[in-house]
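Let me begin by presenting the structure, written as structure tokens, before commenting on it.
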Amino acid sequence: MESERSANQAGNNGGSESPRIGVFICHCGGNISDIVDVTRVAEETARLPGVVCSMTHMFCCSDPGQGLIEEKIREQNLNRVIVAACSPSLHETTFRRAVARAGLNEYLFEHCNIREQVSWVIADKELATQKAGRLVRAAATRARYLRPLQRRRIPIRPSALIIGGGVAGLTTARDLAQRGIEVTLIEASPFLGGRLASLHRIYPTGKRAREVIGALIEEVASNPKVTVYTNAQLENATGFVGDFRTTVRILPRGVTSECTNPKEVIEACPEETLDTFNLGLSKRKAIYLPYDGCYPPVPAIDWKACTKCGVCFEVAGGKGIQLDEQPRLVEIQSGVIVIAVGLNTYPVRHGEYGYGVLPEVITLHQLNRLLDPEGPTRGRLLVNGHEVRRIGFMHCVGSLQRKGIHKPMRDGRINEYCSRVCCTTSVHTAAELKERFPEMQIYDFHEDIRTYGRKHEDYYDEVSQKGVVFIRFDPLRPPRVDADPKGQAPLVVRTYDRLTFGEELEVPLDALVLAQGLVARDMSKLVDLYRCSVGADRFLMEVHPKLRPVEMAASGLFLSGTVQGPMDIGESTAAAAAAAAKAASMIKTGIIELDPFVARVQEDLCSGCKVCLTVCPFQAISRNEERGVAQINEALCMGCGACAATCPSNAIQQAGFEDAQVKAEVLALLQEPALAAAAD
């Protein structure tokens with residue numbers, strides 16, 4: 001359906017000419033039109049001042065829908081376009097591009113959301129239609145005041161900073177370096193590899209994890225385009241997309257490559273501490289290498305355990321040992337930044353499922369270390385000094401938590417989300433146990449099994465056929481773990497099995513393995529320095545899960561791997577490769593184009609009061625002392641509008657959200673339909 005009305009001819013670039021507005025209302029395949037009478041909304045809109053074309057379409061975002069918009073812009077000489085459809089976060093960019101293809105300035109487009117704001121939240125068809133009409137009317141009124149805008153163009157430095165030296169960070173570094181881009185990689189710990197380096201075997205290939213990460217480290221370390229800093233902590237960050245300047249504090253390693261007898265030095269060290277690489281299952285010296293083949297292949301000193309007794313210095317003959325080494329600051333300049341700091345396992349509380357109380361209760365990661373032939377027990381399955389013949393896996397420890405049942409973490413939150421990888425990891429480990437210890441009795445306690453990956457369900461089928469017993473507990477009555485009062489085993493698990501209609505079971509075990517959930521790291525420093533968006537689950541958020549899945553809202557920042565949420569290794573490396581591709585494409589252009597929605601100062605109205613300086617969250621405003629007025633760095637401005645809202649002199653206007661535009665939109669929302677149609 002199309003309704004037209006006459007209006008003065010006007011050029012396609014907008015500005016001061018009479019508006020010729022085209023309105024396109026989307027059915028969204030019934031998502032909107034099943035609730036909203038879109039034909040009626042189009043007819044009412046056609047009577048508004050300046051509207052010369054008002055019509056509906058089944059899918060405006062489709063190729064035919066976009067083609068229709070382009071056709072009408074040329075045919076009707078439209079100089080403003082409105083699409084009333086779904087959320088602008090989904091398709092605003094789509095429609096802007098369609099408008100631009102038709103020769104119209106893309107910022108003379110206005111997006112109106114009548115799906116999420118109307119049809120998905122209002123059941124009454126009449127009320128929904130009325131609200132949709134008001135929203136479209138407000139958009140049409142605002143569109144009359146739109147001005148053509150031009151994107152900002154900023155040169156970019158052809159280099160990248162990667163924060164995090166795990167599998168995701170290394171993958172991104174490798175891919176960027178292979179594209180000829182200079183890369184600086186910083187890692188907070190003394191060695192590269194992250195969590196993957198401490199695992200034994202990985203699914204679905206069954207390869208040794210250390211072989212996989214070792215090959216990746218070799219590719220990165222041998223590439224002349226890559227500079228690696230370990231023991232590196234973020235100190236400060238300034239700049240903006242294209243020219244980030246990050247200050248890093250390099251903590252002393254205490255040992256250099258001049259040390260020619262590292263093994264002798266390590267053996268001679270008199271100080272011992274718990275081995276964090278083996279998750280506290282063994283001890284190591286204060287000067288250490290976590291495993292054979294680690295990178296850098298130079299020992300590091302654990303300063304918390306070191307007493308600076310000087311024994312290592314003497315054994316090394318005074319070469320390569322620097323006990324008085326001080327931290328140093330390094331400034332890294334980069335055009336883009338990739339965040340790949342990974343995640344943590346859920347910190348199991350003391351007493352949770354007997355953890356910390358019963359020594360036979362361990363985590364899945366600890367079991368992984370015990371199964372490693374190079375681990376603390378050389379591959380023997382010994383827990384608390386005795387062989388394990390009956391073992392249980394407890395799922396969802398720190399995942400799918402419920403208020404009132406689970407205690408919150410230290411920050412007061414509980415993890416209501418699924419950590420995704422725990423189920424497959426548990427059944428994969430059970431399969432390995434059955435392969436190595438065929439007579440072992442294995443019990444799997446779960447709320448439900450989510451082996452979501454391709455062919456991951458095969459693990460479940462395999463271990464079921466080999467005799468692993470699956471017990472589905474009631475999440476409202478979680479299992480209880482105690483020392484076995486009968487003395488038949490070190491511990492007993494009591495639970496209700498939903499697979500047998502609530503039968504209460506007592507399962508004696510030699511060891512219980514807790515499949516920890518995955519939680520976000522403490523990224524408060526990152527968030528403060530780079531103004532990162534954080535989700536309710538405390539992981540960093542991308543701009544859009546489909547259209548921009550590895551980009552952050554702040555331009556030039558990219559996400560790599562599990563910093564976004566729980567992923568398995570395949571997903572993490574895929575996300576890392578995507579981040580590298582997006583970062584490389586930005587760098588290779590040489591110029592970055594940014595949206596023009598920035599604040600601008602009308603110097604004749606500015607009193608130089610500095611109020612705007614105090615409210616800008618991006619430090620984009622400074623005071624020009626010579627002229628005594630505020631000035632805005634457009635590269636830093638993110639268009640939040642805080643300065644425009646607080647300026648007491650009304651000297652700041654934000655492009656795309658000028659006072660005239662916003663006021664017109666608000667007044668149109670408040671007007672009755674009859675008055676709005678008559679208004680000019």
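A note on labels: chains of the structure tokens are A, B, ... as shown, every chain counts residues from 1, and ligands are counted from 1 in their shown order.
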
Residues of segment 149-206 of chain A at most 12 Å from segment 283-296 of chain A: nearest atom pair and distance in Å, only C-alpha atoms, as CSV:
```
residue,atom,partner,partner_atom,distance
A:Gly165,CA,A:Tyr295,CA,10.6
A:Gly166,CA,A:Tyr295,CA,11.8
A:Glu187,CA,A:Pro296,CA,11.4
A:Ser189,CA,A:Pro296,CA,11.0
A:Pro190,CA,A:Pro296,CA,7.9
A:Phe191,CA,A:Tyr295,CA,5.6
A:Leu192,CA,A:Tyr295,CA,5.8
A:Gly193,CA,A:Tyr295,CA,8.0
A:Gly194,CA,A:Cys294,CA,11.0
A:Ala197,CA,A:Cys294,CA,8.6
A:Ser198,CA,A:Tyr291,CA,8.8
A:Leu199,CA,A:Tyr291,CA,11.7
```

List as a list in words the protein and nucleic acid residues near Val81 of chain A, meaning an atom at most 7 Å away when only C-alpha atoms are counted, but skip any in the same chain fewer than 4 places from it.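 My list of contacting residues is Ile21, Gly22, Val23, Leu108, Phe109 and Glu110 of chain A.
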
Given the selection you just returned, output its residues as a file containing N, CA and C atoms, formatted as a JSON list (two decimals), in the first residue's frame.
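Writing done, so here's selection-v9.json:
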```
[["chain", "number", "residue", "atom", "x", "y", "z"],
["A", 21, "ILE", "N", 9.65, 13.54, 2.85],
["A", 21, "ILE", "CA", 9.91, 12.40, 3.74],
["A", 21, "ILE", "C", 9.25, 11.15, 3.19],
["A", 22, "GLY", "N", 10.02, 10.06, 3.16],
["A", 22, "GLY", "CA", 9.48, 8.76, 2.82],
["A", 22, "GLY", "C", 9.48, 7.85, 4.03],
["A", 23, "VAL", "N", 8.32, 7.25, 4.31],
["A", 23, "VAL", "CA", 8.17, 6.39, 5.48],
["A", 23, "VAL", "C", 7.87, 4.97, 5.01],
["A", 108, "LEU", "N", 20.49, 11.33, 6.84],
["A", 108, "LEU", "CA", 19.13, 11.86, 6.68],
["A", 108, "LEU", "C", 18.13, 10.72, 6.79],
["A", 109, "PHE", "N", 18.54, 9.67, 7.47],
["A", 109, "PHE", "CA", 17.70, 8.50, 7.75],
["A", 109, "PHE", "C", 17.37, 8.47, 9.25],
["A", 110, "GLU", "N", 16.14, 8.10, 9.56],
["A", 110, "GLU", "CA", 15.71, 7.96, 10.95],
["A", 110, "GLU", "C", 15.10, 6.58, 11.14]]
```

Using only C-alpha atoms, which protein or nucleic acid residues come within 9 Å of Gly517 of chain A? Drop anything in the same chain fewer than 3 positions from it, and give the result as a JSON list (two decimals) with all heavy atoms, in the first residue's frame.
```json
[["chain", "number", "residue", "atom", "x", "y", "z"],
["A", 344, "ASN", "N", 38.45, -17.16, 34.34],
["A", 344, "ASN", "CA", 38.87, -17.97, 35.49],
["A", 344, "ASN", "C", 37.88, -19.10, 35.72],
["A", 344, "ASN", "O", 36.73, -19.04, 35.26],
["A", 344, "ASN", "CB", 38.94, -17.12, 36.77],
["A", 344, "ASN", "CG", 40.19, -16.26, 36.82],
["A", 344, "ASN", "OD1", 41.22, -16.61, 36.23],
["A", 344, "ASN", "ND2", 40.11, -15.14, 37.50],
["A", 345, "THR", "N", 38.32, -20.11, 36.43],
["A", 345, "THR", "CA", 37.38, -21.11, 36.90],
["A", 345, "THR", "C", 36.70, -20.61, 38.17],
["A", 345, "THR", "O", 37.25, -19.79, 38.91],
["A", 345, "THR", "CB", 38.09, -22.45, 37.19],
["A", 345, "THR", "OG1", 39.18, -22.22, 38.09],
["A", 345, "THR", "CG2", 38.60, -23.08, 35.91],
["A", 346, "TYR", "N", 35.51, -21.07, 38.38],
["A", 346, "TYR", "CA", 34.73, -20.67, 39.56],
["A", 346, "TYR", "C", 35.50, -21.01, 40.84],
["A", 346, "TYR", "O", 35.97, -22.13, 41.01],
["A", 346, "TYR", "CB", 33.39, -21.40, 39.54],
["A", 346, "TYR", "CG", 32.60, -21.31, 40.82],
["A", 346, "TYR", "CD1", 31.91, -20.16, 41.16],
["A", 346, "TYR", "CD2", 32.52, -22.40, 41.68],
["A", 346, "TYR", "CE1", 31.17, -20.08, 42.32],
["A", 346, "TYR", "CE2", 31.78, -22.34, 42.85],
["A", 346, "TYR", "CZ", 31.11, -21.17, 43.17],
["A", 346, "TYR", "OH", 30.37, -21.10, 44.33],
["A", 347, "PRO", "N", 35.68, -20.04, 41.74],
["A", 347, "PRO", "CA", 36.40, -20.31, 42.98],
["A", 347, "PRO", "C", 35.51, -21.06, 43.98],
["A", 347, "PRO", "O", 34.67, -20.47, 44.66],
["A", 347, "PRO", "CB", 36.74, -18.90, 43.49],
["A", 347, "PRO", "CG", 35.65, -18.03, 42.94],
["A", 347, "PRO", "CD", 35.26, -18.63, 41.62],
["A", 395, "HIS", "N", 28.54, -31.98, 38.37],
["A", 395, "HIS", "CA", 28.38, -30.92, 37.37],
["A", 395, "HIS", "C", 27.86, -29.63, 38.00],
["A", 395, "HIS", "O", 27.35, -29.61, 39.12],
["A", 395, "HIS", "CB", 27.40, -31.36, 36.29],
["A", 395, "HIS", "CG", 27.94, -32.41, 35.36],
["A", 395, "HIS", "ND1", 28.06, -32.22, 34.00],
["A", 395, "HIS", "CD2", 28.41, -33.66, 35.60],
["A", 395, "HIS", "CE1", 28.56, -33.30, 33.44],
["A", 395, "HIS", "NE2", 28.77, -34.19, 34.39],
["A", 396, "CYS", "N", 27.99, -28.55, 37.24],
["A", 396, "CYS", "CA", 27.35, -27.26, 37.54],
["A", 396, "CYS", "C", 27.78, -26.69, 38.88],
["A", 396, "CYS", "O", 26.97, -26.11, 39.60],
["A", 396, "CYS", "CB", 25.83, -27.37, 37.47],
["A", 396, "CYS", "SG", 25.21, -27.84, 35.84],
["A", 397, "VAL", "N", 29.05, -26.84, 39.22],
["A", 397, "VAL", "CA", 29.57, -26.22, 40.45],
["A", 397, "VAL", "C", 29.98, -24.79, 40.09],
["A", 397, "VAL", "O", 31.03, -24.55, 39.51],
["A", 397, "VAL", "CB", 30.77, -27.01, 41.00],
["A", 397, "VAL", "CG1", 31.27, -26.37, 42.29],
["A", 397, "VAL", "CG2", 30.38, -28.46, 41.24],
["A", 398, "GLY", "N", 29.12, -23.85, 40.41],
["A", 398, "GLY", "CA", 29.36, -22.47, 40.03],
["A", 398, "GLY", "C", 28.64, -22.06, 38.76],
["A", 398, "GLY", "O", 28.86, -20.98, 38.24],
["A", 399, "SER", "N", 27.76, -22.92, 38.25],
["A", 399, "SER", "CA", 26.94, -22.59, 37.07],
["A", 399, "SER", "C", 25.48, -22.90, 37.39],
["A", 399, "SER", "O", 25.18, -23.69, 38.29],
["A", 399, "SER", "CB", 27.38, -23.42, 35.86],
["A", 399, "SER", "OG", 28.70, -23.16, 35.52],
["A", 400, "LEU", "N", 24.58, -22.27, 36.63],
["A", 400, "LEU", "CA", 23.14, -22.49, 36.79],
["A", 400, "LEU", "C", 22.71, -22.39, 38.26],
["A", 400, "LEU", "O", 21.90, -23.17, 38.74],
["A", 400, "LEU", "CB", 22.74, -23.86, 36.22],
["A", 400, "LEU", "CG", 22.96, -24.05, 34.72],
["A", 400, "LEU", "CD1", 22.59, -25.47, 34.31],
["A", 400, "LEU", "CD2", 22.14, -23.06, 33.92],
["A", 415, "ASN", "N", 26.01, -17.09, 39.75],
["A", 415, "ASN", "CA", 26.15, -17.34, 38.31],
["A", 415, "ASN", "C", 24.97, -18.16, 37.82],
["A", 415, "ASN", "O", 24.94, -19.37, 37.96],
["A", 415, "ASN", "CB", 27.46, -18.07, 38.04],
["A", 415, "ASN", "CG", 28.66, -17.26, 38.47],
["A", 415, "ASN", "OD1", 28.67, -16.04, 38.33],
["A", 415, "ASN", "ND2", 29.67, -17.92, 38.99],
["A", 418, "CYS", "N", 24.82, -20.90, 32.15],
["A", 418, "CYS", "CA", 25.50, -22.18, 31.90],
["A", 418, "CYS", "C", 26.91, -21.89, 31.39],
["A", 418, "CYS", "O", 27.09, -21.05, 30.51],
["A", 418, "CYS", "CB", 24.72, -22.99, 30.87],
["A", 418, "CYS", "SG", 25.59, -24.47, 30.28],
["A", 419, "SER", "N", 27.90, -22.58, 31.93],
["A", 419, "SER", "CA", 29.29, -22.37, 31.50],
["A", 419, "SER", "C", 29.66, -23.16, 30.26],
["A", 419, "SER", "O", 30.81, -23.16, 29.84],
["A", 419, "SER", "CB", 30.25, -22.72, 32.65],
["A", 419, "SER", "OG", 30.10, -21.80, 33.72],
["A", 420, "ARG", "N", 28.75, -23.89, 29.70],
["A", 420, "ARG", "CA", 28.80, -24.47, 28.36],
["A", 420, "ARG", "C", 29.78, -25.63, 28.19],
["A", 420, "ARG", "O", 29.42, -26.66, 27.65],
["A", 420, "ARG", "CB", 29.10, -23.38, 27.32],
["A", 420, "ARG", "CG", 28.13, -22.24, 27.33],
["A", 420, "ARG", "CD", 28.45, -21.19, 26.30],
["A", 420, "ARG", "NE", 28.13, -21.62, 24.95],
["A", 420, "ARG", "CZ", 29.00, -21.70, 23.97],
["A", 420, "ARG", "NH1", 30.28, -21.44, 24.18],
["A", 420, "ARG", "NH2", 28.64, -22.09, 22.77],
["A", 421, "VAL", "N", 31.03, -25.46, 28.58],
["A", 421, "VAL", "CA", 32.04, -26.46, 28.23],
["A", 421, "VAL", "C", 32.20, -27.55, 29.29],
["A", 421, "VAL", "O", 32.85, -28.57, 29.05],
["A", 421, "VAL", "CB", 33.41, -25.79, 27.99],
["A", 421, "VAL", "CG1", 33.30, -24.76, 26.89],
["A", 421, "VAL", "CG2", 33.95, -25.15, 29.26],
["A", 422, "CYS", "N", 31.63, -27.36, 30.48],
["A", 422, "CYS", "CA", 31.89, -28.26, 31.61],
["A", 422, "CYS", "C", 31.38, -29.68, 31.33],
["A", 422, "CYS", "O", 32.06, -30.66, 31.68],
["A", 422, "CYS", "CB", 31.25, -27.73, 32.88],
["A", 422, "CYS", "SG", 31.36, -25.96, 33.09],
["A", 566, "PRO", "N", 32.19, -18.02, 28.33],
["A", 566, "PRO", "CA", 32.72, -19.39, 28.21],
["A", 566, "PRO", "C", 32.72, -19.89, 26.77],
["A", 566, "PRO", "O", 31.73, -19.74, 26.05],
["A", 566, "PRO", "CB", 31.76, -20.21, 29.08],
["A", 566, "PRO", "CG", 31.19, -19.23, 30.05],
["A", 566, "PRO", "CD", 31.07, -17.95, 29.29]]
```

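Neighbouring residues of Tyr459 of chain A at 9 Å or closer, counting only C-alpha atoms and skipping chain neighbours under 2 positions away, are Thr424, Val427, His428, Ala430, Ala431, Thr451, Lys455, His456, Glu457, Asp461, Glu462, Val463 and Ser464 of chain A.
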
Write the residues you've just listed into a file as an mmCIF file, in the first residue's frame, and include N, CA, C and O atoms for each of them.
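And here is the file that came out, result12.cif:
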```cif
data_model
loop_
_atom_site.group_PDB
_atom_site.id
_atom_site.type_symbol
_atom_site.label_atom_id
_atom_site.label_comp_id
_atom_site.auth_asym_id
_atom_site.auth_seq_id
_atom_site.Cartn_x
_atom_site.Cartn_y
_atom_site.Cartn_z
ATOM 1 N N THR A 424 30.856 -31.350 28.429
ATOM 2 C CA THR A 424 31.678 -32.088 27.473
ATOM 3 C C THR A 424 33.028 -32.423 28.070
ATOM 4 O O THR A 424 33.555 -33.526 27.871
ATOM 5 N N VAL A 427 32.541 -35.491 30.506
ATOM 6 C CA VAL A 427 32.341 -36.798 29.882
ATOM 7 C C VAL A 427 33.560 -37.199 29.049
ATOM 8 O O VAL A 427 33.870 -38.389 28.918
ATOM 9 N N HIS A 428 34.267 -36.220 28.488
ATOM 10 C CA HIS A 428 35.519 -36.529 27.781
ATOM 11 C C HIS A 428 36.549 -37.091 28.753
ATOM 12 O O HIS A 428 37.259 -38.062 28.440
ATOM 13 N N ALA A 430 35.825 -38.599 31.591
ATOM 14 C CA ALA A 430 35.338 -39.927 31.973
ATOM 15 C C ALA A 430 35.708 -40.963 30.924
ATOM 16 O O ALA A 430 36.072 -42.108 31.257
ATOM 17 N N ALA A 431 35.647 -40.579 29.645
ATOM 18 C CA ALA A 431 36.038 -41.496 28.576
ATOM 19 C C ALA A 431 37.520 -41.844 28.664
ATOM 20 O O ALA A 431 37.922 -43.003 28.467
ATOM 21 N N THR A 451 26.026 -31.382 26.129
ATOM 22 C CA THR A 451 27.168 -31.562 25.229
ATOM 23 C C THR A 451 26.788 -30.968 23.880
ATOM 24 O O THR A 451 26.443 -31.684 22.949
ATOM 25 N N LYS A 455 29.136 -33.518 17.419
ATOM 26 C CA LYS A 455 29.591 -34.863 17.768
ATOM 27 C C LYS A 455 30.026 -35.001 19.232
ATOM 28 O O LYS A 455 30.556 -36.041 19.616
ATOM 29 N N HIS A 456 29.794 -33.976 20.036
ATOM 30 C CA HIS A 456 30.135 -34.095 21.452
ATOM 31 C C HIS A 456 29.211 -35.074 22.174
ATOM 32 O O HIS A 456 29.580 -35.637 23.206
ATOM 33 N N GLU A 457 28.011 -35.245 21.639
ATOM 34 C CA GLU A 457 27.088 -36.215 22.230
ATOM 35 C C GLU A 457 27.660 -37.630 22.154
ATOM 36 O O GLU A 457 27.288 -38.506 22.948
ATOM 37 N N ASP A 461 27.371 -41.036 24.708
ATOM 38 C CA ASP A 461 26.999 -42.389 24.291
ATOM 39 C C ASP A 461 28.125 -43.390 24.601
ATOM 40 O O ASP A 461 27.864 -44.507 25.065
ATOM 41 N N GLU A 462 29.368 -42.954 24.352
ATOM 42 C CA GLU A 462 30.509 -43.846 24.553
ATOM 43 C C GLU A 462 30.640 -44.260 26.015
ATOM 44 O O GLU A 462 30.761 -45.458 26.333
ATOM 45 N N VAL A 463 30.626 -43.280 26.911
ATOM 46 C CA VAL A 463 30.841 -43.621 28.317
ATOM 47 C C VAL A 463 29.627 -44.336 28.900
ATOM 48 O O VAL A 463 29.767 -45.154 29.823
ATOM 49 N N SER A 464 28.433 -44.059 28.373
ATOM 50 C CA SER A 464 27.251 -44.778 28.842
ATOM 51 C C SER A 464 27.380 -46.265 28.533
ATOM 52 O O SER A 464 27.075 -47.131 29.368
#
```
